[in-house]
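Structure first, commentary second.
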Amino acid sequence: MSLEIDSVSKSFGGLQILQDVSIAVPAGGLVGLIGPNGAGKSTLFAVVGGFEPADAGHVRFEGRTLDSLSPQARARQGLMRTFQVPRPFSHLTVRENLAVSAPGQKGERLRFAFLAGGMLKREQAAIAEQAGKVMDFLRLAPVADLPAGQLSGGQRKLLELGRMLMCKPRMILLDEPFAGVNPVLYAEIADRIVAINQSGIGFLIVEHNIPALTRMVNELHVLDRGRIIAHGPPDDVLKDARVRTAYIGGAS
Ligand SMILES: Nc1ncnc2c1ncn2[C@@H]1O[C@H](COP(=O)(O)OP(=O)(O)OP(=O)(O)O)[C@@H](O)[C@H]1O
C-alpha cells in the first residue's frame, strides 16, 4: 500500500473526533471519503497531511512512517494536501501562479543570485516549460495570461490541481474538488482528475457530492462520528444500511 492510515485516533478538548480510523490507498489508487457534516473528514486530512498530530495510530507513505514529519516534509516525500499549496495569488496570472508553485527554486535560496545567472536561467526555463505542459494537460492554456482572480470556480480548481502537479506529487489528498464549481463543469474536473490518476498519481478525495465522486472513484470509505462504518466498491457501500442511516439520521 502506498498510503496507510493505521488506527488513527484524535480528540480535541476531551471530545473524540477520530477513533481507530484505518484507510489504505494503493499506489495510483483513486479512493473517496464521504461522511455527514462533522464526521471528522477534515480532521483526518489534517492528521494525514501533518497539520495536526494524531493521539494514537500511524500514517505511513510508501513504507515510511510520517508521524513526526511536517506538512512540508510530507510534501517533499510526495504526499500533498490541497492546503499545502496556498491560495492562488489573485493578481498573478495562471502561468505565474504555476511557476511560483515549483518547489526548491534555487533563486529563492541564493543570496547572491548574480553568481549563478546561467543556472537560474536554465531553472526558470525548465519551470516555464513544465508550467506550459501542466496548462496544456489541464486545458488552462486559453487562460494562461489571465489573473487568477478572474477565473471561474472550476478553473480555480484546475489551477489548484496544476499548482500541485508543479510539485510532482505521487499522492494527493484532495478536499472537495466540486465545491464552488458550476455543475456544468463537474465532468471536466472529474475527467482531469482521472487523467492525472492515470498518469500514476494516487488520490484520496473528500467530497460531499456523492454522485459526482462515485463516478470517479473505485473505492469508497464512509466516516461517521469519527469511525469508518463502511468501505468497498461505491455501489455496495451506498447500499449499506449503516451508511443510509448515517446520512438520514446522522450528525448533519
Ligand atoms: N481544532 C479543533 N478544535 C476543536 N474541535 C475541532 C477542531 N477541529 C475540528 N473540531 C471538531 O471536530 C469535529 C469534526 O470536524 P471536521 O471538520 O473534521 O468534520 P468534517 O467531516 O470535515 O465536516 P464537514 O463535512 O462539515 O467539513 C467537529 O465537531 C468540529 O467541531
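We name chains A, B, ... following the order of the C-alpha cells; residues begin at 1 in each chain, and ligands are numbered from 1 as shown.
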DSSP helix (DSSP H, G or I) residues within range 8-133 of chain A, as a PDB file with C-alpha atoms, in the first residue's frame:
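Output (part_23.pdb):
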ATOM      1  CA  LYS A  41     -13.085  14.186   7.431  1.00  0.00           C
ATOM      2  CA  SER A  42     -11.174  17.488   7.619  1.00  0.00           C
ATOM      3  CA  THR A  43      -9.593  16.419  10.898  1.00  0.00           C
ATOM      4  CA  LEU A  44      -8.410  13.199   9.260  1.00  0.00           C
ATOM      5  CA  PHE A  45      -6.899  15.147   6.352  1.00  0.00           C
ATOM      6  CA  ALA A  46      -5.217  17.471   8.868  1.00  0.00           C
ATOM      7  CA  VAL A  47      -3.635  14.488  10.631  1.00  0.00           C
ATOM      8  CA  VAL A  48      -2.574  12.736   7.410  1.00  0.00           C
ATOM      9  CA  GLY A  49      -1.175  15.971   5.975  1.00  0.00           C
ATOM     10  CA  PRO A  71       3.466  19.108   6.149  1.00  0.00           C
ATOM     11  CA  GLN A  72       6.335  20.417   4.013  1.00  0.00           C
ATOM     12  CA  ALA A  73       8.431  17.309   4.654  1.00  0.00           C
ATOM     13  CA  ARG A  74       5.448  15.106   3.758  1.00  0.00           C
ATOM     14  CA  ALA A  75       5.022  17.082   0.529  1.00  0.00           C
ATOM     15  CA  ARG A  76       8.695  16.521  -0.271  1.00  0.00           C
ATOM     16  CA  GLN A  77       8.081  12.784   0.184  1.00  0.00           C
ATOM     17  CA  THR A  82      -4.629  20.709  -1.236  1.00  0.00           C
ATOM     18  CA  PHE A  83      -3.837  23.166   1.554  1.00  0.00           C
ATOM     19  CA  GLN A  84      -0.108  22.671   1.073  1.00  0.00           C
ATOM     20  CA  VAL A  94      -2.317  31.430 -14.222  1.00  0.00           C
ATOM     21  CA  ARG A  95       1.123  30.897 -15.770  1.00  0.00           C
ATOM     22  CA  GLU A  96       2.836  32.872 -12.990  1.00  0.00           C
ATOM     23  CA  ASN A  97       0.894  31.076 -10.262  1.00  0.00           C
ATOM     24  CA  LEU A  98       2.079  27.750 -11.664  1.00  0.00           C
ATOM     25  CA  ALA A  99       5.679  28.940 -11.938  1.00  0.00           C
ATOM     26  CA  VAL A 100       5.865  30.158  -8.333  1.00  0.00           C
ATOM     27  CA  SER A 101       4.478  26.824  -7.096  1.00  0.00           C
ATOM     28  CA  LYS A 106      17.468  27.974  -6.448  1.00  0.00           C
ATOM     29  CA  GLY A 107      16.631  31.622  -6.939  1.00  0.00           C
ATOM     30  CA  GLU A 108      14.895  31.622  -3.555  1.00  0.00           C
ATOM     31  CA  ARG A 109      17.878  30.235  -1.793  1.00  0.00           C
ATOM     32  CA  ALA A 113      21.818  35.184  -7.370  1.00  0.00           C
ATOM     33  CA  PHE A 114      24.024  37.030  -9.852  1.00  0.00           C
ATOM     34  CA  LEU A 115      26.769  34.485  -9.143  1.00  0.00           C
ATOM     35  CA  ALA A 116      24.657  31.801 -10.699  1.00  0.00           C
ATOM     36  CA  GLY A 117      22.898  33.625 -13.519  1.00  0.00           C
ATOM     37  CA  GLY A 118      23.236  30.813 -16.055  1.00  0.00           C
ATOM     38  CA  MET A 119      21.960  28.199 -13.640  1.00  0.00           C
ATOM     39  CA  LEU A 120      18.974  30.363 -12.708  1.00  0.00           C
ATOM     40  CA  LYS A 121      18.067  30.964 -16.329  1.00  0.00           C
ATOM     41  CA  ARG A 122      18.131  27.236 -17.037  1.00  0.00           C
ATOM     42  CA  GLU A 123      15.993  26.564 -13.982  1.00  0.00           C
ATOM     43  CA  GLN A 124      13.499  29.254 -14.946  1.00  0.00           C
ATOM     44  CA  ALA A 125      13.278  27.895 -18.494  1.00  0.00           C
ATOM     45  CA  ALA A 126      12.616  24.388 -17.135  1.00  0.00           C
ATOM     46  CA  ILE A 127       9.899  25.725 -14.804  1.00  0.00           C
ATOM     47  CA  ALA A 128       8.280  27.696 -17.648  1.00  0.00           C
ATOM     48  CA  GLU A 129       8.285  24.575 -19.800  1.00  0.00           C
ATOM     49  CA  GLN A 130       6.742  22.488 -17.014  1.00  0.00           C
ATOM     50  CA  ALA A 131       4.074  25.164 -16.417  1.00  0.00           C
ATOM     51  CA  GLY A 132       3.263  25.065 -20.135  1.00  0.00           C
ATOM     52  CA  LYS A 133       2.833  21.286 -20.056  1.00  0.00           C
TER      53      LYS A 133
END
For this session: May I ask you to write as JSON, numbers by chain all residues lying at most 9 Å from ligand 1, with only C-alpha atoms and all ligand atoms counted?
Result: {"A": [11, 12, 13, 15, 16, 17, 18, 34, 35, 36, 37, 38, 39, 40, 41, 42, 43, 44, 45, 46, 52, 206, 207, 208, 223, 224, 225, 226, 252]}
For this session: Show which residues sit within 7 Å of range 143-154 of chain A, as a VMD selection string. Count only C-alpha atoms, and ignore same-chain residues fewer than 2 positions away.
Result: chain A and resid 88 to 95 140 to 141 156 to 158 180 to 182 185
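Among the candidate residues A:Pro183, A:Pro26, A:Gly32, A:Gly78, the one lying nearest to Val237 in chain A is A:Gly32, with distances computed using only C-alpha atoms.
Distances here use only C-alpha atoms; by that measure, the residue among A:Ala212, A:Ala230, A:Ile172, A:Ile196 closest to Val184 in chain A is A:Ala212.
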Exercise. Which of range 20-228 of chain A counts as strand (DSSP E or B) under DSSP, as an NGL selection string please?
Worked result: :A and (20-25 or 30-34 or 56-61 or 64-65 or 79-81 or 93 or 147 or 171-175 or 202-206 or 219-224 or 227-228)
Write the residues you've just listed into a file as a PDB file, in the first residue's frame, and include C-alpha atoms for each of them.
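result.pdb, freshly written:
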ATOM      1  CA  ASP A  20      -9.331   3.973  15.236  1.00  0.00           C
ATOM      2  CA  VAL A  21      -9.558   5.137  11.612  1.00  0.00           C
ATOM      3  CA  SER A  22      -7.786   2.952   9.067  1.00  0.00           C
ATOM      4  CA  ILE A  23      -7.751   3.611   5.319  1.00  0.00           C
ATOM      5  CA  ALA A  24      -5.302   2.231   2.771  1.00  0.00           C
ATOM      6  CA  VAL A  25      -4.770   3.789  -0.640  1.00  0.00           C
ATOM      7  CA  LEU A  30      -8.436   6.626  -6.617  1.00  0.00           C
ATOM      8  CA  VAL A  31     -10.277   6.427  -3.317  1.00  0.00           C
ATOM      9  CA  GLY A  32     -13.155   8.524  -1.971  1.00  0.00           C
ATOM     10  CA  LEU A  33     -14.018   9.505   1.589  1.00  0.00           C
ATOM     11  CA  ILE A  34     -17.525  10.672   2.477  1.00  0.00           C
ATOM     12  CA  ALA A  56      -2.725   7.331  18.533  1.00  0.00           C
ATOM     13  CA  GLY A  57      -2.083   5.379  15.351  1.00  0.00           C
ATOM     14  CA  HIS A  58       0.265   5.937  12.440  1.00  0.00           C
ATOM     15  CA  VAL A  59       0.414   7.346   8.940  1.00  0.00           C
ATOM     16  CA  ARG A  60       2.797   5.633   6.537  1.00  0.00           C
ATOM     17  CA  PHE A  61       3.595   6.556   2.966  1.00  0.00           C
ATOM     18  CA  ARG A  64       7.899   5.130   5.714  1.00  0.00           C
ATOM     19  CA  THR A  65       6.319   6.388   8.902  1.00  0.00           C
ATOM     20  CA  LEU A  79       2.220  13.259  -0.291  1.00  0.00           C
ATOM     21  CA  MET A  80       0.387  16.562  -0.748  1.00  0.00           C
ATOM     22  CA  ARG A  81      -2.769  18.008   0.674  1.00  0.00           C
ATOM     23  CA  THR A  93      -1.590  35.141 -13.979  1.00  0.00           C
ATOM     24  CA  PRO A 147      -5.023  36.954 -13.458  1.00  0.00           C
ATOM     25  CA  MET A 171      -0.382  11.055  -3.857  1.00  0.00           C
ATOM     26  CA  ILE A 172      -2.848  13.933  -3.453  1.00  0.00           C
ATOM     27  CA  LEU A 173      -5.264  14.448  -0.560  1.00  0.00           C
ATOM     28  CA  LEU A 174      -7.962  16.397  -2.385  1.00  0.00           C
ATOM     29  CA  ASP A 175     -10.540  18.436  -0.487  1.00  0.00           C
ATOM     30  CA  GLY A 202      -2.916   8.430  -6.336  1.00  0.00           C
ATOM     31  CA  PHE A 203      -5.852  10.311  -4.783  1.00  0.00           C
ATOM     32  CA  LEU A 204      -7.790  10.281  -1.545  1.00  0.00           C
ATOM     33  CA  ILE A 205     -10.734  12.611  -2.172  1.00  0.00           C
ATOM     34  CA  VAL A 206     -13.176  14.101   0.343  1.00  0.00           C
ATOM     35  CA  GLU A 219     -13.295   2.532  -3.624  1.00  0.00           C
ATOM     36  CA  LEU A 220     -15.265   4.482  -1.056  1.00  0.00           C
ATOM     37  CA  HIS A 221     -14.843   4.874   2.718  1.00  0.00           C
ATOM     38  CA  VAL A 222     -17.566   6.298   4.938  1.00  0.00           C
ATOM     39  CA  LEU A 223     -16.725   8.161   8.121  1.00  0.00           C
ATOM     40  CA  ASP A 224     -19.474   8.701  10.674  1.00  0.00           C
ATOM     41  CA  ARG A 227     -15.359   5.948  12.810  1.00  0.00           C
ATOM     42  CA  ILE A 228     -15.160   4.205   9.459  1.00  0.00           C
TER      43      ILE A 228
END
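Comparing the minimum interatomic distances between Met1 in chain A and each of A:Pro177, A:Pro53, A:Gly29, A:Pro142, counting only C-alpha atoms, we find that A:Gly29 sits nearest.
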Exercise. Counting only C-alpha atoms, what is within 10 Å of Ala187 in chain A, bar same-chain residues fewer than 3 positions away, as a PyMOL selection string?
Worked result: chain A and resi 178+183-184+190-193+212+215-216
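CA of Thr214 in chain A is found 26.9 Å from CA of Gly50 in chain A.
Interatomic distance, CA of Arg244 in chain A to CA of Ile189 in chain A: 27.1 Å.
Note that the spacing between CA of Ala27 in chain A and CA of Ser2 in chain A amounts to 4.7 Å.
With distances restricted to only C-alpha atoms, A:Pro103 is the closest residue to Cys167 in chain A from A:Pro103, A:Gly63, A:Gly28, A:Pro211.
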